[in-house]
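Source file: model_5.csv; contents: CSV, C-alpha atoms.
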chain,number,residue,atom,x,y,z
A,5,MET,CA,5.2,-6.5,-34.6
A,6,ILE,CA,7.9,-7.5,-32.1
A,7,ASP,CA,9.0,-3.9,-31.9
A,8,ILE,CA,5.6,-2.8,-30.9
A,9,LEU,CA,5.4,-5.5,-28.2
A,10,ILE,CA,8.8,-4.5,-26.8
A,11,ASP,CA,7.7,-0.8,-26.8
A,12,VAL,CA,4.4,-1.6,-25.0
A,13,PHE,CA,6.2,-3.8,-22.5
A,14,SER,CA,8.9,-1.1,-21.7
A,15,TRP,CA,6.2,1.5,-21.2
A,16,VAL,CA,4.4,-0.8,-18.9
A,17,LEU,CA,7.6,-1.2,-16.9
A,18,LEU,CA,8.2,2.6,-16.9
A,19,ILE,CA,4.7,3.3,-15.7
A,20,LEU,CA,4.9,0.6,-13.0
A,21,GLY,CA,8.3,2.2,-11.9
A,22,GLY,CA,6.6,5.6,-11.7
A,23,VAL,CA,3.8,4.1,-9.6
A,24,CYS,CA,6.4,2.5,-7.2
A,25,VAL,CA,8.1,5.9,-6.7
A,26,LEU,CA,4.6,7.5,-6.1
A,27,ILE,CA,3.7,4.8,-3.5
A,28,GLY,CA,7.1,5.4,-1.9
A,29,GLY,CA,6.3,9.1,-1.6
A,30,ILE,CA,2.8,8.4,-0.2
A,31,GLY,CA,4.4,6.1,2.3
A,32,GLY,CA,6.9,8.7,3.4
A,33,LEU,CA,4.0,11.0,4.2
A,34,ARG,CA,1.7,8.4,5.8
A,35,LEU,CA,4.1,6.3,7.9
A,36,PRO,CA,4.4,7.5,11.5
A,37,ASN,CA,8.1,7.7,12.4
A,38,PHE,CA,11.7,7.7,11.1
A,39,TYR,CA,12.4,4.0,11.0
A,40,THR,CA,9.2,3.1,9.2
A,41,ARG,CA,9.6,5.9,6.7
A,42,ILE,CA,13.0,4.4,5.7
A,43,HIS,CA,11.0,1.4,4.4
A,44,ALA,CA,8.9,3.6,2.1
A,45,ALA,CA,12.1,5.2,0.8
A,46,SER,CA,13.6,1.7,0.1
A,47,LEU,CA,10.5,0.9,-2.1
A,48,THR,CA,11.4,3.9,-4.2
A,49,ASP,CA,15.1,3.3,-4.6
A,50,THR,CA,15.0,-0.5,-5.3
A,51,MET,CA,11.8,-1.5,-7.0
A,52,GLY,CA,11.3,2.0,-8.6
A,53,ALA,CA,14.9,2.1,-9.9
A,54,ILE,CA,14.9,-1.5,-11.2
A,55,LEU,CA,11.6,-1.1,-13.1
A,56,ILE,CA,12.5,2.3,-14.6
A,57,PHE,CA,16.0,1.1,-15.7
A,58,VAL,CA,14.8,-2.1,-17.2
A,59,GLY,CA,12.1,0.0,-19.1
A,60,MET,CA,14.8,2.3,-20.4
A,61,MET,CA,17.1,-0.6,-21.4
A,62,LEU,CA,14.3,-2.0,-23.5
A,63,GLN,CA,13.8,1.4,-25.1
A,64,SER,CA,17.5,1.7,-26.1
A,65,GLY,CA,17.7,-1.9,-27.6
A,66,LEU,CA,21.0,-3.7,-28.1
A,67,THR,CA,23.5,-0.8,-27.9
A,68,LEU,CA,26.3,0.4,-25.7
A,69,ALA,CA,23.7,2.6,-24.0
A,70,THR,CA,22.0,-0.5,-22.6
A,71,LEU,CA,25.2,-1.7,-21.1
A,72,LYS,CA,25.8,1.7,-19.5
A,73,LEU,CA,22.2,1.7,-18.1
A,74,PHE,CA,22.7,-1.8,-16.7
A,75,ALA,CA,26.0,-0.6,-15.0
A,76,ILE,CA,24.3,2.4,-13.6
A,77,MET,CA,21.5,0.3,-12.2
A,78,LEU,CA,24.0,-2.1,-10.7
A,79,PHE,CA,25.9,0.7,-9.0
A,80,LEU,CA,22.7,2.3,-7.7
A,81,LEU,CA,21.7,-1.0,-6.2
A,82,LEU,CA,25.1,-1.5,-4.6
A,83,THR,CA,25.4,2.0,-3.2
A,84,GLY,CA,21.7,2.7,-2.2
A,85,PRO,CA,21.6,0.2,0.7
A,86,THR,CA,25.0,1.5,1.9
A,87,ALA,CA,23.6,5.0,2.1
A,88,THR,CA,20.5,3.7,3.8
A,89,TYR,CA,22.6,1.9,6.3
A,90,ALA,CA,24.7,5.0,7.0
A,91,LEU,CA,21.5,6.9,7.7
A,92,ALA,CA,19.8,4.3,9.9
A,93,ASN,CA,23.0,3.5,11.8
A,94,ALA,CA,23.6,7.2,12.5
A,95,ALA,CA,20.0,7.5,13.8
A,96,LEU,CA,20.5,4.5,16.0
A,97,LEU,CA,23.9,5.7,17.4
A,98,SER,CA,22.6,9.1,18.1
A,99,GLY,CA,19.9,7.6,20.3
A,100,LEU,CA,16.7,7.5,18.3
A,101,LYS,CA,15.0,4.5,19.7
A,102,PRO,CA,13.5,2.0,17.2
A,103,ASP,CA,10.6,1.6,19.5
A,104,THR,CA,7.9,-0.6,18.3
A,105,GLY,CA,4.8,0.9,19.9
A,106,SER,CA,5.2,4.6,19.6
A,107,ASN,CA,3.6,6.6,16.9
A,108,HIS,CA,6.1,9.4,16.8
A,109,ASP,CA,9.9,9.8,17.1
A,110,GLU,CA,11.4,9.5,20.5
A,111,VAL,CA,14.9,10.5,21.4
A,112,GLU,CA,16.5,9.0,24.4
A,113,LYS,CA,16.6,11.7,27.0
A,114,GLU,CA,20.0,12.4,28.6
A,115,GLU,CA,20.0,12.9,32.3
A,116,PRO,CA,20.7,16.6,33.1
A,117,ALA,CA,24.2,16.9,34.6
A,118,GLU,CA,24.2,18.1,38.2
B,9,MET,CA,40.5,12.9,17.2
B,10,ASN,CA,43.2,10.5,18.3
B,11,ASN,CA,40.8,7.6,18.5
B,12,ASN,CA,39.6,8.4,15.0
B,13,GLN,CA,43.1,8.1,13.7
B,14,THR,CA,43.7,4.7,15.2
B,15,THR,CA,40.6,3.2,13.6
B,16,LEU,CA,41.8,4.7,10.3
B,17,VAL,CA,45.1,2.9,10.5
B,18,PHE,CA,43.3,-0.3,11.5
B,19,GLN,CA,41.0,-0.1,8.5
B,20,THR,CA,43.6,0.6,5.9
B,21,GLY,CA,45.8,-2.4,6.3
B,22,LYS,CA,48.6,-3.5,3.9
B,23,ALA,CA,48.3,-3.5,0.2
B,24,ARG,CA,50.5,-5.3,-2.3
B,25,PRO,CA,51.7,-3.0,-5.1
B,26,SER,CA,50.6,-5.6,-7.7
B,27,SER,CA,47.0,-5.5,-6.6
B,28,VAL,CA,47.0,-1.7,-6.5
B,29,ILE,CA,48.3,-1.5,-10.0
B,30,LEU,CA,45.8,-4.2,-11.2
B,31,LEU,CA,42.9,-2.2,-9.8
B,32,PHE,CA,44.2,1.0,-11.5
B,33,VAL,CA,44.5,-0.8,-14.8
B,34,ILE,CA,41.0,-2.2,-14.5
B,35,LEU,CA,39.6,1.2,-13.6
B,36,SER,CA,41.4,2.9,-16.5
B,37,ILE,CA,40.2,0.3,-19.1
B,38,SER,CA,36.6,0.7,-17.9
B,39,TRP,CA,36.9,4.5,-18.1
B,40,LEU,CA,38.2,4.4,-21.6
B,41,LEU,CA,35.5,1.9,-22.8
B,42,TRP,CA,32.6,3.8,-21.2
B,43,SER,CA,33.7,7.3,-22.1
B,44,GLY,CA,34.5,6.6,-25.7
B,45,LEU,CA,36.1,10.1,-26.0
B,46,TYR,CA,39.9,10.3,-26.4
B,47,LYS,CA,40.6,14.0,-26.0
B,48,PRO,CA,43.6,15.0,-23.8
B,49,LEU,CA,41.5,16.9,-21.3
B,50,LEU,CA,39.1,14.0,-20.8
B,51,ILE,CA,41.8,11.4,-20.5
B,52,SER,CA,43.7,13.4,-17.9
B,53,LEU,CA,40.5,13.8,-15.9
B,54,GLY,CA,40.0,10.0,-16.2
B,55,ILE,CA,43.5,9.3,-14.9
B,56,PHE,CA,42.9,11.7,-12.0
B,57,SER,CA,39.6,10.0,-11.1
B,58,CYS,CA,41.2,6.5,-11.4
B,59,LEU,CA,44.0,7.6,-9.0
B,60,LEU,CA,41.5,9.1,-6.6
B,61,SER,CA,39.4,5.9,-6.6
B,62,VAL,CA,42.4,3.7,-6.0
B,63,TYR,CA,43.5,6.0,-3.1
B,64,LEU,CA,40.0,5.9,-1.6
B,65,ALA,CA,39.8,2.1,-2.0
B,66,TYR,CA,43.2,1.8,-0.2
B,67,ARG,CA,42.1,4.1,2.5
B,68,MET,CA,38.9,2.2,3.2
B,69,GLY,CA,40.7,-1.1,3.4
B,70,PHE,CA,39.6,-2.6,0.1
B,71,PHE,CA,42.9,-4.5,-0.4
B,72,LYS,CA,42.3,-6.4,2.9
B,73,HIS,CA,39.0,-7.8,1.5
B,74,HIS,CA,39.4,-8.1,-2.2
B,75,LYS,CA,40.5,-11.8,-2.1
B,76,ALA,CA,37.3,-12.8,-0.3
B,77,LEU,CA,35.3,-10.7,-2.8
B,78,LEU,CA,37.0,-12.3,-5.8
B,79,ARG,CA,36.3,-15.7,-4.4
B,80,LEU,CA,32.6,-15.2,-4.2
B,81,MET,CA,32.2,-13.2,-7.4
B,82,PRO,CA,31.3,-16.2,-9.7
B,83,ARG,CA,28.3,-17.1,-7.4
B,84,LEU,CA,26.9,-13.6,-7.3
B,85,PRO,CA,24.7,-13.7,-10.4
B,86,GLY,CA,22.8,-16.7,-9.1
B,87,TYR,CA,22.4,-14.9,-5.8
B,88,TRP,CA,21.2,-11.8,-7.5
B,89,MET,CA,18.5,-13.7,-9.3
B,90,TRP,CA,17.1,-15.0,-6.0
B,91,LEU,CA,17.4,-11.6,-4.5
B,92,LEU,CA,15.5,-10.0,-7.4
B,93,LYS,CA,12.6,-12.4,-6.7
B,94,GLU,CA,12.6,-11.5,-3.0
B,95,ILE,CA,12.7,-7.8,-3.9
B,96,VAL,CA,9.6,-8.1,-6.2
B,97,VAL,CA,7.6,-10.1,-3.6
B,98,SER,CA,8.4,-7.8,-0.7
B,99,SER,CA,7.9,-4.7,-2.7
B,100,ILE,CA,4.3,-5.8,-3.5
B,101,ASP,CA,3.8,-6.5,0.2
B,102,VAL,CA,5.0,-3.1,1.3
B,103,ALA,CA,3.1,-1.3,-1.5
B,104,LYS,CA,-0.1,-3.0,-0.3
B,105,LEU,CA,0.7,-2.0,3.3
B,106,ILE,CA,1.2,1.6,2.5
B,107,LEU,CA,-2.0,1.9,0.4
B,108,ASN,CA,-4.1,0.1,3.0
B,109,PRO,CA,-6.3,2.7,4.6
B,110,SER,CA,-5.9,1.3,8.1
B,111,LEU,CA,-2.0,1.2,7.7
B,112,PRO,CA,-1.5,-2.2,9.4
B,113,ILE,CA,2.1,-1.9,10.4
B,114,SER,CA,3.7,-3.7,13.3
B,115,PRO,CA,7.3,-2.6,13.5
B,116,LYS,CA,9.8,-5.0,15.1
B,117,VAL,CA,13.5,-5.1,15.8
B,118,VAL,CA,15.2,-8.4,15.2
B,119,LYS,CA,18.8,-9.5,16.1
B,120,LEU,CA,20.3,-12.1,13.9
B,121,LYS,CA,23.5,-14.1,14.1
B,122,ALA,CA,25.3,-13.6,10.7
B,123,LEU,CA,26.2,-17.0,9.2
B,124,PRO,CA,28.7,-15.5,6.7
B,125,LYS,CA,32.2,-15.5,8.3
B,126,THR,CA,34.0,-12.9,6.2
B,127,ASP,CA,33.4,-9.1,6.3
B,128,VAL,CA,32.5,-9.2,2.7
B,129,GLY,CA,29.8,-11.9,3.2
B,130,GLN,CA,28.3,-9.9,6.1
B,131,VAL,CA,28.2,-6.7,4.1
B,132,ILE,CA,26.4,-8.6,1.3
B,133,LEU,CA,23.9,-10.0,3.7
B,134,GLY,CA,23.3,-6.6,5.4
B,135,ASN,CA,22.9,-4.9,2.1
B,136,SER,CA,20.6,-7.6,0.7
B,137,ILE,CA,18.4,-7.2,3.8
B,138,THR,CA,18.2,-3.4,3.3
B,139,LEU,CA,17.6,-3.8,-0.4
B,140,SER,CA,14.4,-5.8,0.0
B,141,PRO,CA,11.7,-3.4,1.1
B,142,GLY,CA,10.2,-3.9,4.5
B,143,THR,CA,13.5,-4.7,6.2
B,144,VAL,CA,16.4,-2.3,7.0
B,145,THR,CA,19.7,-3.2,8.6
B,146,LEU,CA,20.4,-0.9,11.5
B,147,ASP,CA,23.7,-2.3,12.8
B,148,VAL,CA,26.3,-4.8,11.9
B,149,TYR,CA,28.7,-5.5,14.8
B,150,GLU,CA,30.9,-8.5,15.4
B,151,GLY,CA,28.8,-10.9,13.5
B,152,GLU,CA,25.5,-9.7,14.9
B,153,ILE,CA,23.0,-8.0,12.6
B,154,THR,CA,20.2,-5.7,14.0
B,155,VAL,CA,17.3,-5.4,11.6
B,156,HIS,CA,14.2,-3.2,11.7
B,157,CYS,CA,11.1,-4.9,10.1
B,158,ILE,CA,8.0,-3.0,9.2
B,159,THR,CA,5.7,-6.0,10.0
B,160,SER,CA,6.1,-8.9,12.4
B,161,GLU,CA,5.5,-11.3,9.5
B,162,GLY,CA,8.5,-9.9,7.8
B,163,ALA,CA,10.5,-10.5,11.0
B,164,LYS,CA,9.4,-14.1,11.2
B,165,GLU,CA,10.3,-14.6,7.5
B,166,LEU,CA,13.8,-13.2,8.3
B,167,GLU,CA,14.3,-15.3,11.4
B,168,LYS,CA,13.8,-18.4,9.2
B,169,GLY,CA,17.1,-17.4,7.9
B,170,GLU,CA,17.0,-18.1,4.2
B,171,ALA,CA,18.8,-14.9,3.2
B,172,ASN,CA,21.4,-15.7,5.9
B,173,ARG,CA,22.0,-19.3,4.6
B,174,ARG,CA,22.2,-18.1,1.0
B,175,ALA,CA,24.7,-15.4,1.8
B,176,ALA,CA,26.8,-17.9,3.7
B,177,ALA,CA,26.6,-20.3,0.8
B,178,LEU,CA,28.3,-17.6,-1.4
B,179,GLU,CA,31.5,-18.0,0.4
B,180,ARG,CA,31.9,-21.7,0.8
B,181,ARG,CA,35.0,-23.2,-0.9
Show the structure stored in the file as structure tokens.
Amino acid sequence: MIDILIDVFSWVLLILGGVCVLIGGIGGLRLPNFYTRIHAASLTDTMGAILIFVGMMLQSGLTLATLKLFAIMLFLLLTGPTATYALANAALLSGLKPDTGSNHDEVEKEEPAE
Amino acid sequence: MNNNQTTLVFQTGKARPSSVILLFVILSISWLLWSGLYKPLLISLGIFSCLLSVYLAYRMGFFKHHKALLRLMPRLPGYWMWLLKEIVVSSIDVAKLILNPSLPISPKVVKLKALPKTDVGQVILGNSITLSPGTVTLDVYEGEITVHCITSEGAKELEKGEANRRAAALERR
């Protein structure tokens, strides 16, 4: 009985994780510019990753595999934001303005050298 | 090129041999436990990757910061619990936002004064902000954090500074 409950619960988590990844993808298409699209990507790689990994941990039960899955999840959650920061910071430093009103990406124009 | 090299020296700092060896031992033990295979080829590959990791950690200045990191380690699980709750709440908000047909986004850039004093504390704060959907850290420079929020409500929430306070609480004595 308890086995079936855990199985159902883990499948619910896996499906919810899949839905999160899907919504992240839709967001990547719908949102207007670079900085807002990053937010959609962060939905995929935090909530999607957490739900899918917890679902897989419930599937594998109390084994070494569960510990490994937990470690992988932890490393993903530690490195993911670092990569996002590298991307966003590179965009900021290269002159992509995080402008609040505009609907498309604007690059700071450099004055032509005389 | 020259400029690049000076920042590299500045980042690396000094490392005591004892902490370098300790890191290598910890990495080797975790490799052995997680691989579970004791063939000569795999073990030599493991030693190689441990050495590479230690070198990279040295190069990026890990040994300048590891004391601060070890000090706040015991409080991390409690912080993660709170962060998990925040992630779930803000994920639902962002998912609703994306699926809303009128796409009611109101992007805003916020500058925050980071309350954590150490570099490690500021990195944890910046990464926590990026980790929760709806807010992304754009820049961390001399204790000032620039954050891009997808809605102005998210920006207000951030300016109340609960994340900031909790990250600072991690490193109190």
Give me, please, the distance in Å between CA of Ser46 (chain A) and CA of Ala176 (chain B), quoted to one decimal.
-> 23.9 Å
Counting only C-alpha atoms, collect the residues of chain B whose closest atom lies at most 9 Å from chain A, and write them out as a ChimeraX atom specification.
-> /B:42,95-96,99,102-103,105-107,111,113-117,134-148,156-158
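Here the question is which of B:Leu59, B:Leu133, B:Ala23, B:Ala122 gets nearest to Tyr87 (chain B) using only C-alpha atoms, and that residue is B:Leu133.
One finds CA of His74 (chain B) at 28.1 Å from CA of Leu166 (chain B).
Reported to one decimal place, the separation of CA of Val97 (chain B) from CA of Gly59 (chain A) is 19.0 Å.
Compared by their closest atoms to Phe71 (chain B), and using only C-alpha atoms, the residues B:Lys121, B:Lys168, B:Arg173, B:Lys22 rank with B:Lys22 nearest.
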Contact residues around Met77 (chain A) with all atoms listed in the file at 8 Å, ignoring same-chain residues under 2 positions, as a PDB file with C-alpha atoms, in the coordinates of the input:
ATOM      1  CA  ALA A  53      14.900   2.100  -9.900  1.00  0.00           C
ATOM      2  CA  ILE A  54      14.900  -1.500 -11.200  1.00  0.00           C
ATOM      3  CA  PHE A  57      16.000   1.100 -15.700  1.00  0.00           C
ATOM      4  CA  LEU A  73      22.200   1.700 -18.100  1.00  0.00           C
ATOM      5  CA  PHE A  74      22.700  -1.800 -16.700  1.00  0.00           C
ATOM      6  CA  ALA A  75      26.000  -0.600 -15.000  1.00  0.00           C
ATOM      7  CA  PHE A  79      25.900   0.700  -9.000  1.00  0.00           C
ATOM      8  CA  LEU A  80      22.700   2.300  -7.700  1.00  0.00           C
ATOM      9  CA  LEU A  81      21.700  -1.000  -6.200  1.00  0.00           C
TER      10      LEU A  81
END
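Among the candidate residues A:Leu66, A:Met61, A:Leu55, A:Leu9, the one lying nearest to Gly22 (chain A) is A:Leu55, with distances computed using all atoms listed in the file.
Closest to Glu179 (chain B) among B:Trp88, B:Val155, B:Lys75, B:Pro109 is B:Lys75, based on only C-alpha atoms.
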